[in-house]
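Structure data (mmCIF, C-alpha atoms) from final21.cif:
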data_data
#
loop_
_atom_site.label_atom_id
_atom_site.label_comp_id
_atom_site.auth_asym_id
_atom_site.auth_seq_id
_atom_site.Cartn_x
_atom_site.Cartn_y
_atom_site.Cartn_z
CA MET A 1 8.35 11.44 7.40
CA GLY A 2 8.23 7.69 7.92
CA VAL A 3 8.13 8.31 11.66
CA TYR A 4 5.35 10.86 11.20
CA PHE A 5 3.19 8.55 9.08
CA ALA A 6 3.78 5.63 11.46
CA ARG A 7 2.49 7.79 14.32
CA TYR A 8 -0.43 8.99 12.19
CA ALA A 9 -1.36 5.43 11.19
CA ARG A 10 -1.27 4.27 14.82
CA ARG A 11 -3.76 6.99 15.70
CA HIS A 12 -6.21 6.23 12.91
CA LEU A 13 -5.79 2.57 11.92
CA ASN A 14 -6.14 -0.57 13.98
CA ALA A 15 -3.21 -2.20 12.18
CA LEU A 16 -1.08 -2.31 9.06
CA ARG A 17 -0.88 -5.97 8.04
CA LEU A 18 1.10 -7.98 5.48
CA ALA A 19 -0.18 -11.37 4.33
CA GLU A 20 2.21 -14.09 5.51
CA TRP A 21 2.67 -15.29 1.92
CA GLY A 22 3.01 -11.75 0.55
CA ARG A 23 6.52 -10.57 1.36
CA PRO A 24 8.40 -8.81 -1.46
CA PRO A 25 10.63 -11.03 -3.63
CA ALA A 26 14.21 -11.28 -2.41
CA ALA A 27 15.45 -10.23 -5.86
CA ALA A 28 13.74 -6.86 -5.39
CA ALA A 29 16.41 -5.79 -2.93
CA GLY A 30 18.88 -4.91 -5.71
CA GLY A 31 16.64 -2.82 -7.93
CA PRO A 32 15.70 -1.08 -10.00
CA VAL A 33 12.19 -2.14 -9.03
CA VAL A 34 8.77 -1.09 -10.26
CA ILE A 35 6.09 -1.81 -7.65
CA TYR A 36 2.65 -1.33 -9.16
CA CYS A 37 -0.55 -1.46 -7.12
CA ASN A 38 -4.26 -0.81 -7.13
CA HIS A 39 -5.58 2.48 -5.76
CA PRO A 40 -8.54 1.97 -3.39
CA ALA A 41 -8.12 4.77 -0.85
CA TRP A 42 -6.52 8.02 0.33
CA TRP A 43 -4.45 5.87 2.70
CA ASP A 44 -2.46 4.34 -0.18
CA ALA A 45 0.24 7.02 -0.15
CA ALA A 46 0.84 6.63 3.60
CA VAL A 47 0.88 2.83 3.34
CA ILE A 48 3.38 2.95 0.48
CA ILE A 49 5.67 5.20 2.52
CA LEU A 50 5.54 2.78 5.45
CA LEU A 51 6.17 -0.25 3.21
CA ALA A 52 9.09 1.51 1.54
CA GLN A 53 10.63 2.30 4.92
CA ARG A 54 10.12 -1.27 6.15
CA PHE A 55 11.22 -3.31 3.13
CA PHE A 56 13.42 -0.95 1.10
CA PRO A 57 15.13 1.24 3.72
CA GLU A 58 18.35 1.63 1.71
CA ALA A 59 16.68 2.34 -1.63
CA GLU A 60 15.68 5.65 -3.15
CA SER A 61 11.91 5.53 -3.57
CA TYR A 62 9.93 7.59 -6.09
CA ALA A 63 6.26 7.79 -7.02
CA PRO A 64 4.31 9.59 -9.74
CA PHE A 65 1.62 11.79 -8.21
CA ASP A 66 -1.29 13.60 -9.80
CA ALA A 67 0.06 17.09 -10.46
CA ALA A 68 -3.04 18.87 -9.14
CA MET A 69 -3.03 16.82 -5.94
CA LEU A 70 0.71 17.32 -5.43
CA ALA A 71 0.07 21.07 -5.53
CA ARG A 72 -2.26 20.55 -2.53
CA TYR A 73 -0.02 18.09 -0.67
CA ARG A 74 3.42 19.51 -1.39
CA ILE A 75 4.96 17.57 1.47
CA PHE A 76 4.96 14.44 -0.73
CA SER A 77 7.40 16.08 -3.16
CA ARG A 78 10.01 15.96 -0.38
CA MET A 79 9.59 12.18 -0.22
CA GLY A 80 10.19 11.30 -3.88
CA ALA A 81 6.81 12.15 -5.40
CA PHE A 82 6.88 13.87 -8.78
CA GLY A 83 3.89 15.49 -10.43
CA VAL A 84 2.43 14.12 -13.67
CA ASP A 85 -0.63 14.84 -15.78
CA LEU A 86 -1.46 11.52 -17.41
CA ASP A 87 -4.54 12.96 -19.13
CA SER A 88 -2.45 14.88 -21.65
CA PRO A 89 0.18 13.73 -24.18
CA ARG A 90 2.68 16.18 -22.69
CA GLY A 91 2.10 14.78 -19.22
CA ALA A 92 2.51 11.20 -20.42
CA ALA A 93 5.78 12.12 -22.12
CA ALA A 94 7.02 13.83 -18.95
CA PHE A 95 6.16 10.71 -16.95
CA MET A 96 8.17 8.51 -19.30
CA ALA A 97 11.15 10.90 -19.26
CA ALA A 98 11.18 11.04 -15.45
CA SER A 99 10.82 7.27 -15.23
CA ARG A 100 13.78 6.74 -17.55
CA THR A 101 15.97 8.87 -15.30
CA ILE A 102 14.76 7.19 -12.10
CA LEU A 103 15.15 3.61 -13.33
CA ASP A 104 18.54 4.02 -14.96
CA ARG A 105 20.45 2.40 -12.09
CA PRO A 106 20.02 -0.09 -9.23
CA GLY A 107 18.99 0.91 -5.75
CA ARG A 108 15.87 2.75 -6.86
CA VAL A 109 12.24 1.79 -6.45
CA MET A 110 9.31 3.32 -8.29
CA TRP A 111 5.88 2.90 -6.66
CA ILE A 112 2.93 3.31 -9.03
CA THR A 113 -0.79 3.33 -8.32
CA ALA A 114 -1.26 1.83 -11.75
CA GLN A 115 -5.00 2.42 -12.10
CA GLY A 116 -4.33 6.14 -12.10
CA ARG A 117 -7.56 6.84 -10.18
CA PHE A 118 -9.34 5.81 -7.02
CA SER A 119 -11.10 2.51 -7.61
CA ASP A 120 -13.00 0.03 -5.46
CA VAL A 121 -10.85 -2.94 -4.49
CA ARG A 122 -13.49 -5.30 -5.93
CA GLU A 123 -13.59 -3.67 -9.36
CA ARG A 124 -12.75 -6.00 -12.25
CA PRO A 125 -11.10 -5.57 -14.65
CA LEU A 126 -8.62 -3.33 -12.89
CA GLY A 127 -8.06 -1.10 -15.91
CA LEU A 128 -4.34 -0.44 -15.46
CA ARG A 129 -2.92 2.52 -17.35
CA PRO A 130 -0.84 1.41 -20.36
CA GLY A 131 2.17 3.48 -19.25
CA VAL A 132 3.16 0.90 -16.62
CA ALA A 133 3.72 -1.70 -19.36
CA ARG A 134 5.95 0.67 -21.33
CA LEU A 135 8.34 1.09 -18.41
CA ALA A 136 9.93 -2.26 -19.27
CA GLU A 137 11.26 -0.66 -22.46
CA LEU A 138 13.02 2.01 -20.41
CA ALA A 139 14.44 -0.33 -17.77
CA PRO A 140 15.06 -3.84 -19.16
CA ASP A 141 16.91 -4.83 -15.97
CA ALA A 142 14.04 -3.86 -13.66
CA LEU A 143 11.84 -6.21 -11.67
CA PHE A 144 8.08 -5.57 -11.74
CA VAL A 145 6.29 -6.49 -8.50
CA PRO A 146 2.50 -6.35 -7.97
CA LEU A 147 1.28 -4.96 -4.66
CA ALA A 148 -2.28 -5.55 -3.46
CA LEU A 149 -3.89 -3.03 -1.09
CA ASP A 150 -7.14 -3.70 0.76
CA TYR A 151 -8.89 -2.04 3.72
CA ALA A 152 -11.52 -3.54 5.99
CA PHE A 153 -13.20 -3.03 9.33
CA TRP A 154 -13.08 -6.09 11.57
CA GLU A 155 -13.79 -5.85 15.30
CA GLU A 156 -12.12 -2.58 16.26
CA ARG A 157 -12.88 1.09 15.74
CA GLY A 158 -9.98 1.54 13.33
CA ALA A 159 -9.62 -0.05 9.92
CA GLU A 160 -7.27 -2.87 8.97
CA ALA A 161 -4.88 -1.89 6.18
CA CYS A 162 -3.99 -5.20 4.52
CA THR A 163 -1.22 -5.62 1.97
CA ALA A 164 0.54 -8.33 -0.04
CA PHE A 165 3.31 -8.39 -2.64
CA GLY A 166 3.01 -10.83 -5.51
CA PRO A 167 5.77 -12.67 -7.44
CA GLY A 168 8.14 -10.44 -9.38
CA ILE A 169 8.29 -10.35 -13.18
CA PRO A 170 11.63 -9.52 -14.84
CA ALA A 171 11.30 -6.72 -17.35
CA ARG A 172 12.96 -8.88 -20.02
CA ASP A 173 10.13 -11.41 -19.69
CA LEU A 174 7.66 -8.61 -20.30
CA LEU A 175 9.64 -7.34 -23.29
CA ALA A 176 9.21 -10.73 -24.94
CA LEU A 177 5.47 -9.97 -25.13
CA PRO A 178 3.63 -7.51 -27.39
CA ARG A 179 2.55 -4.36 -25.56
CA PRO A 180 -1.12 -5.36 -25.17
CA ASP A 181 -0.13 -8.79 -23.82
CA ARG A 182 2.44 -7.14 -21.57
CA LEU A 183 -0.22 -4.98 -19.94
CA ALA A 184 -2.55 -7.98 -19.68
CA ARG A 185 0.16 -9.98 -17.88
CA LEU A 186 0.76 -7.20 -15.36
CA GLU A 187 -2.96 -6.82 -14.73
CA ALA A 188 -3.49 -10.57 -14.38
CA ASP A 189 -0.71 -10.86 -11.80
CA LEU A 190 -2.03 -7.95 -9.74
CA THR A 191 -5.58 -9.33 -9.96
CA ALA A 192 -4.42 -12.72 -8.72
CA THR A 193 -2.58 -11.08 -5.80
CA LEU A 194 -5.66 -9.01 -4.91
CA ASP A 195 -7.96 -12.03 -5.06
CA ARG A 196 -5.68 -14.07 -2.80
CA LEU A 197 -5.39 -11.19 -0.33
CA ALA A 198 -9.18 -10.75 -0.35
CA THR A 199 -9.59 -14.33 0.84
CA ASP A 200 -7.41 -13.58 3.86
CA VAL A 201 -9.16 -10.27 4.55
CA ARG A 202 -12.59 -11.93 4.49
CA SER A 203 -11.39 -14.55 6.98
CA ARG A 204 -10.90 -11.74 9.55
CA ASP A 205 -8.09 -13.88 10.98
CA PRO A 206 -5.07 -11.84 12.17
CA ALA A 207 -3.00 -15.05 12.24
CA ARG A 208 -2.89 -14.98 8.45
CA PHE A 209 -0.96 -11.72 8.58
CA ALA A 210 2.23 -10.29 9.95
CA SER A 211 1.50 -7.10 11.87
CA LEU A 212 3.77 -4.33 10.60
CA LEU A 213 2.22 -1.65 12.78
CA ASP A 214 -0.37 -1.77 15.56
CA GLY A 215 -2.70 1.13 16.21
CA ARG A 216 -4.48 2.29 19.32
CA ARG A 217 -7.10 -0.23 20.31
CA GLY A 218 -10.44 0.41 21.91
CA VAL A 219 -13.16 3.00 21.42
CA GLY A 220 -11.56 5.71 23.55
CA GLY A 221 -13.23 8.56 25.38
CA ILE A 222 -15.95 7.98 27.99
CA TYR A 223 -16.61 4.38 26.85
CA ASP A 224 -13.08 3.15 27.57
CA ALA A 225 -12.78 5.34 30.66
CA TRP A 226 -15.91 3.73 32.13
CA HIS A 227 -14.72 0.18 31.47
CA ARG A 228 -11.28 1.03 32.80
CA LEU A 229 -12.88 2.27 36.02
CA THR A 230 -15.19 -0.74 36.41
CA ALA A 231 -12.29 -3.11 35.76
CA ALA A 232 -10.27 -1.40 38.50
CA LEU A 233 -13.16 -1.54 40.95
CA THR A 234 -13.75 -5.26 40.34
CA GLY A 235 -10.07 -6.21 40.38
CA ARG A 236 -9.85 -7.11 36.73
CA ARG A 237 -7.22 -6.03 34.21
CA PHE A 238 -8.51 -3.69 31.52
CA VAL A 239 -7.34 -4.39 27.96
CA ALA A 240 -8.53 -1.99 25.25
CA GLY A 241 -10.21 -3.63 22.29
CA HIS A 242 -13.62 -5.00 21.37
CA ARG A 243 -12.77 -8.68 21.76
CA GLU A 244 -10.65 -8.24 24.88
CA GLY A 245 -12.19 -5.12 26.35
CA ARG A 246 -12.36 -6.46 29.91
CA ALA A 247 -9.84 -9.20 30.38
CA PRO A 248 -9.96 -11.04 33.73
#
Here is a file; write its structure as structure tokens.
Amino acid sequence: MGVYFARYARRHLNALRLAEWGRPPAAAAGGPVVIYCNHPAWWDAAVIILLAQRFFPEAESYAPFDAAMLARYRIFSRMGAFGVDLDSPRGAAAFMAASRTILDRPGRVMWITAQGRFSDVRERPLGLRPGVARLAELAPDALFVPLALDYAFWEERGAEACTAFGPGIPARDLLALPRPDRLARLEADLTATLDRLATDVRSRDPARFASLLDGRRGVGGIYDAWHRLTAALTGRRFVAGHREGRAP
């Protein structure tokens, strides 16, 4: 499925980018790890799958998924997604029970869209669900890592999917805090990671990012076909892309 989503992303995105400062902490390699992120777009699930394949290829990855949506997109259940209904006490209890089982040993990574709903990347406060803070009680040896997700259109037809991991927080550090302060700490760290990533996204400077995946450049269709033909007739090399559409 990683191969499928990589191909799909190349068709529909201009690039999947990681901020140069935003690589996952080295300590995350051992697990268990809880990676919690914002939830700005439908693309989040595909991006998470690609990040998991790139940075945690040996780990078992899991992700809670809205039960109603998982019924529509059953393919995600084959990739570690498990259905939850966080709007009911029974669903919240089921989420905690599944999380306890998943995080009971190293080599496992849980990816959580911690807002529990689609939300604009600029929304503040983020409004993280309280369940993410309770996971530290189930897995005191886990590392909690914020992941910022942002999408923007720069100079190409396809969007830029921009990502960055923030510094990890050991679960035992979180357990030293009361539950409300624990959630506030998680939210503050994710907010700081999002704000720093937003600065890079607004710069529109690809040099600030490592390119994890490059999509198909150019407009396509008749527009690119015409410029390809005129480049050939004038002896110039055609390069797809807005900035470099007709390279000499």
**OP:** Give me the residues within 7 Å of region 41-47 of chain A as number ranges by chain, counting only C-alpha atoms and dropping any in the same chain fewer than 3 places off.
**Re:** A: 5, 50-51, 118
Subject >> Given all atoms listed in the file as the counted atoms, nearest of A:Arg196, A:Arg10, A:Arg17, A:Arg108 to Phe56 (chain A) >> reply: A:Arg108
**OP:** To verify the selection step, state as JSON, numbers by chain which residues the PyMOL selection byres ((chain A and resi 115) around 8) yields on this input.
**Re:** {"A": [37, 38, 39, 113, 114, 116, 117, 118, 119, 126, 127, 128, 129]}
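For the pair CA of Arg208 (chain A) and CA of Leu13 (chain A), the interatomic distance is 18.1 Å.
Nearest residue to Gln53 (chain A) among A:Asp104, A:Gly2, A:Asp87, A:Leu149 is A:Gly2, counting only C-alpha atoms.
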Subject >> Expansion of the PyMOL selection byres ((chain A and resi 112) around 8) into residues, as a list in words >> reply: Val34, Ile35, Tyr36, Cys37, Ala63, Pro64, Met110, Trp111, Thr113, Ala114 and Val132 of chain A
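Put simply, CA of Glu58 (chain A) is 9.9 Å away from CA of Gly30 (chain A).
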Subject >> Contact residues around region 177-179 of chain A with all atoms listed in the file at 8 Å, ignoring same-chain residues under 3 positions, as a PyMOL selection string >> reply: chain A and resi 133-134+173-174+182-183
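The space separating CA of Gly166 (chain A) from CA of Ala192 (chain A) comes to 8.3 Å.
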Original post:
Residues picked by the PyMOL selection byres ((chain A and resi 170) around 9) here, as a PyMOL selection string?
Top reply: chain A and resi 136+140-145+168-169+171-175
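By all atoms listed in the file, and with residues fewer than 4 positions from Ala210 (chain A) along its chain excluded, the set lying at most 9 Å from it is A:Leu16, A:Arg17, A:Leu18, A:Ala19, A:Glu20, A:Pro206.
The closest residue to Ala188 (chain A), picked from A:Asp120, A:His12, A:Pro125, A:Tyr62 and counting all atoms listed in the file, is A:Pro125.
Counting all atoms listed in the file and comparing A:Leu138, A:Leu103, A:Ala198, A:Ala29, the residue that lies closest to Ala161 (chain A) is A:Ala198.
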Need to verify the contact set: Tyr151 (chain A), 7 Å, only C-alpha atoms, exclusion of same-chain residues closer than 5 positions in sequence. Can you return it as a PDB file with C-alpha atoms, keeping the file's coordinate frame?
ATOM      1  CA  ALA A 159      -9.620  -0.050   9.920  1.00  0.00           C
ATOM      2  CA  GLU A 160      -7.270  -2.870   8.970  1.00  0.00           C
ATOM      3  CA  ALA A 161      -4.880  -1.890   6.180  1.00  0.00           C
ATOM      4  CA  CYS A 162      -3.990  -5.200   4.520  1.00  0.00           C
TER       5      CYS A 162
END
Complete the atom set of region 168-181 of chain A to N, CA, C and O atoms and return it as a PDB file, in the frame of the given file.
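Result saved to rebuild.pdb:
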ATOM      1  N   GLY A 168       7.555 -11.414  -8.467  1.00  0.00           N
ATOM      2  CA  GLY A 168       8.140 -10.440  -9.380  1.00  0.00           C
ATOM      3  C   GLY A 168       8.210 -10.959 -10.812  1.00  0.00           C
ATOM      4  O   GLY A 168       8.300 -12.157 -11.052  1.00  0.00           O
ATOM      5  N   ILE A 169       8.184 -10.027 -11.758  1.00  0.00           N
ATOM      6  CA  ILE A 169       8.290 -10.350 -13.180  1.00  0.00           C
ATOM      7  C   ILE A 169       9.479  -9.576 -13.748  1.00  0.00           C
ATOM      8  O   ILE A 169       9.470  -8.341 -13.752  1.00  0.00           O
ATOM      9  N   PRO A 170      10.523 -10.245 -14.226  1.00  0.00           N
ATOM     10  CA  PRO A 170      11.630  -9.520 -14.840  1.00  0.00           C
ATOM     11  C   PRO A 170      11.160  -8.737 -16.064  1.00  0.00           C
ATOM     12  O   PRO A 170      10.348  -9.224 -16.859  1.00  0.00           O
ATOM     13  N   ALA A 171      11.687  -7.544 -16.214  1.00  0.00           N
ATOM     14  CA  ALA A 171      11.300  -6.720 -17.350  1.00  0.00           C
ATOM     15  C   ALA A 171      11.564  -7.411 -18.677  1.00  0.00           C
ATOM     16  O   ALA A 171      10.802  -7.262 -19.641  1.00  0.00           O
ATOM     17  N   ARG A 172      12.637  -8.195 -18.755  1.00  0.00           N
ATOM     18  CA  ARG A 172      12.960  -8.880 -20.020  1.00  0.00           C
ATOM     19  C   ARG A 172      11.898  -9.901 -20.394  1.00  0.00           C
ATOM     20  O   ARG A 172      11.654 -10.149 -21.584  1.00  0.00           O
ATOM     21  N   ASP A 173      11.241 -10.506 -19.398  1.00  0.00           N
ATOM     22  CA  ASP A 173      10.130 -11.410 -19.690  1.00  0.00           C
ATOM     23  C   ASP A 173       8.948 -10.633 -20.273  1.00  0.00           C
ATOM     24  O   ASP A 173       8.242 -11.121 -21.174  1.00  0.00           O
ATOM     25  N   LEU A 174       8.736  -9.437 -19.762  1.00  0.00           N
ATOM     26  CA  LEU A 174       7.660  -8.610 -20.300  1.00  0.00           C
ATOM     27  C   LEU A 174       7.975  -8.138 -21.707  1.00  0.00           C
ATOM     28  O   LEU A 174       7.083  -8.071 -22.566  1.00  0.00           O
ATOM     29  N   LEU A 175       9.243  -7.834 -21.967  1.00  0.00           N
ATOM     30  CA  LEU A 175       9.640  -7.340 -23.290  1.00  0.00           C
ATOM     31  C   LEU A 175       9.471  -8.405 -24.370  1.00  0.00           C
ATOM     32  O   LEU A 175       9.395  -8.078 -25.562  1.00  0.00           O
ATOM     33  N   ALA A 176       9.425  -9.652 -23.968  1.00  0.00           N
ATOM     34  CA  ALA A 176       9.210 -10.730 -24.940  1.00  0.00           C
ATOM     35  C   ALA A 176       7.759 -10.772 -25.414  1.00  0.00           C
ATOM     36  O   ALA A 176       7.432 -11.504 -26.365  1.00  0.00           O
ATOM     37  N   LEU A 177       6.883  -9.986 -24.781  1.00  0.00           N
ATOM     38  CA  LEU A 177       5.470  -9.970 -25.130  1.00  0.00           C
ATOM     39  C   LEU A 177       5.126  -8.692 -25.900  1.00  0.00           C
ATOM     40  O   LEU A 177       5.742  -7.642 -25.685  1.00  0.00           O
ATOM     41  N   PRO A 178       4.136  -8.747 -26.774  1.00  0.00           N
ATOM     42  CA  PRO A 178       3.630  -7.510 -27.390  1.00  0.00           C
ATOM     43  C   PRO A 178       3.062  -6.594 -26.310  1.00  0.00           C
ATOM     44  O   PRO A 178       2.640  -7.054 -25.242  1.00  0.00           O
ATOM     45  N   ARG A 179       3.017  -5.313 -26.572  1.00  0.00           N
ATOM     46  CA  ARG A 179       2.550  -4.360 -25.560  1.00  0.00           C
ATOM     47  C   ARG A 179       1.189  -4.703 -24.965  1.00  0.00           C
ATOM     48  O   ARG A 179       1.019  -4.668 -23.740  1.00  0.00           O
ATOM     49  N   PRO A 180       0.173  -5.021 -25.784  1.00  0.00           N
ATOM     50  CA  PRO A 180      -1.120  -5.360 -25.170  1.00  0.00           C
ATOM     51  C   PRO A 180      -1.041  -6.580 -24.255  1.00  0.00           C
ATOM     52  O   PRO A 180      -1.661  -6.608 -23.180  1.00  0.00           O
ATOM     53  N   ASP A 181      -0.265  -7.597 -24.660  1.00  0.00           N
ATOM     54  CA  ASP A 181      -0.130  -8.790 -23.820  1.00  0.00           C
ATOM     55  C   ASP A 181       0.689  -8.490 -22.570  1.00  0.00           C
ATOM     56  O   ASP A 181       0.466  -9.084 -21.514  1.00  0.00           O
TER      57      ASP A 181
END
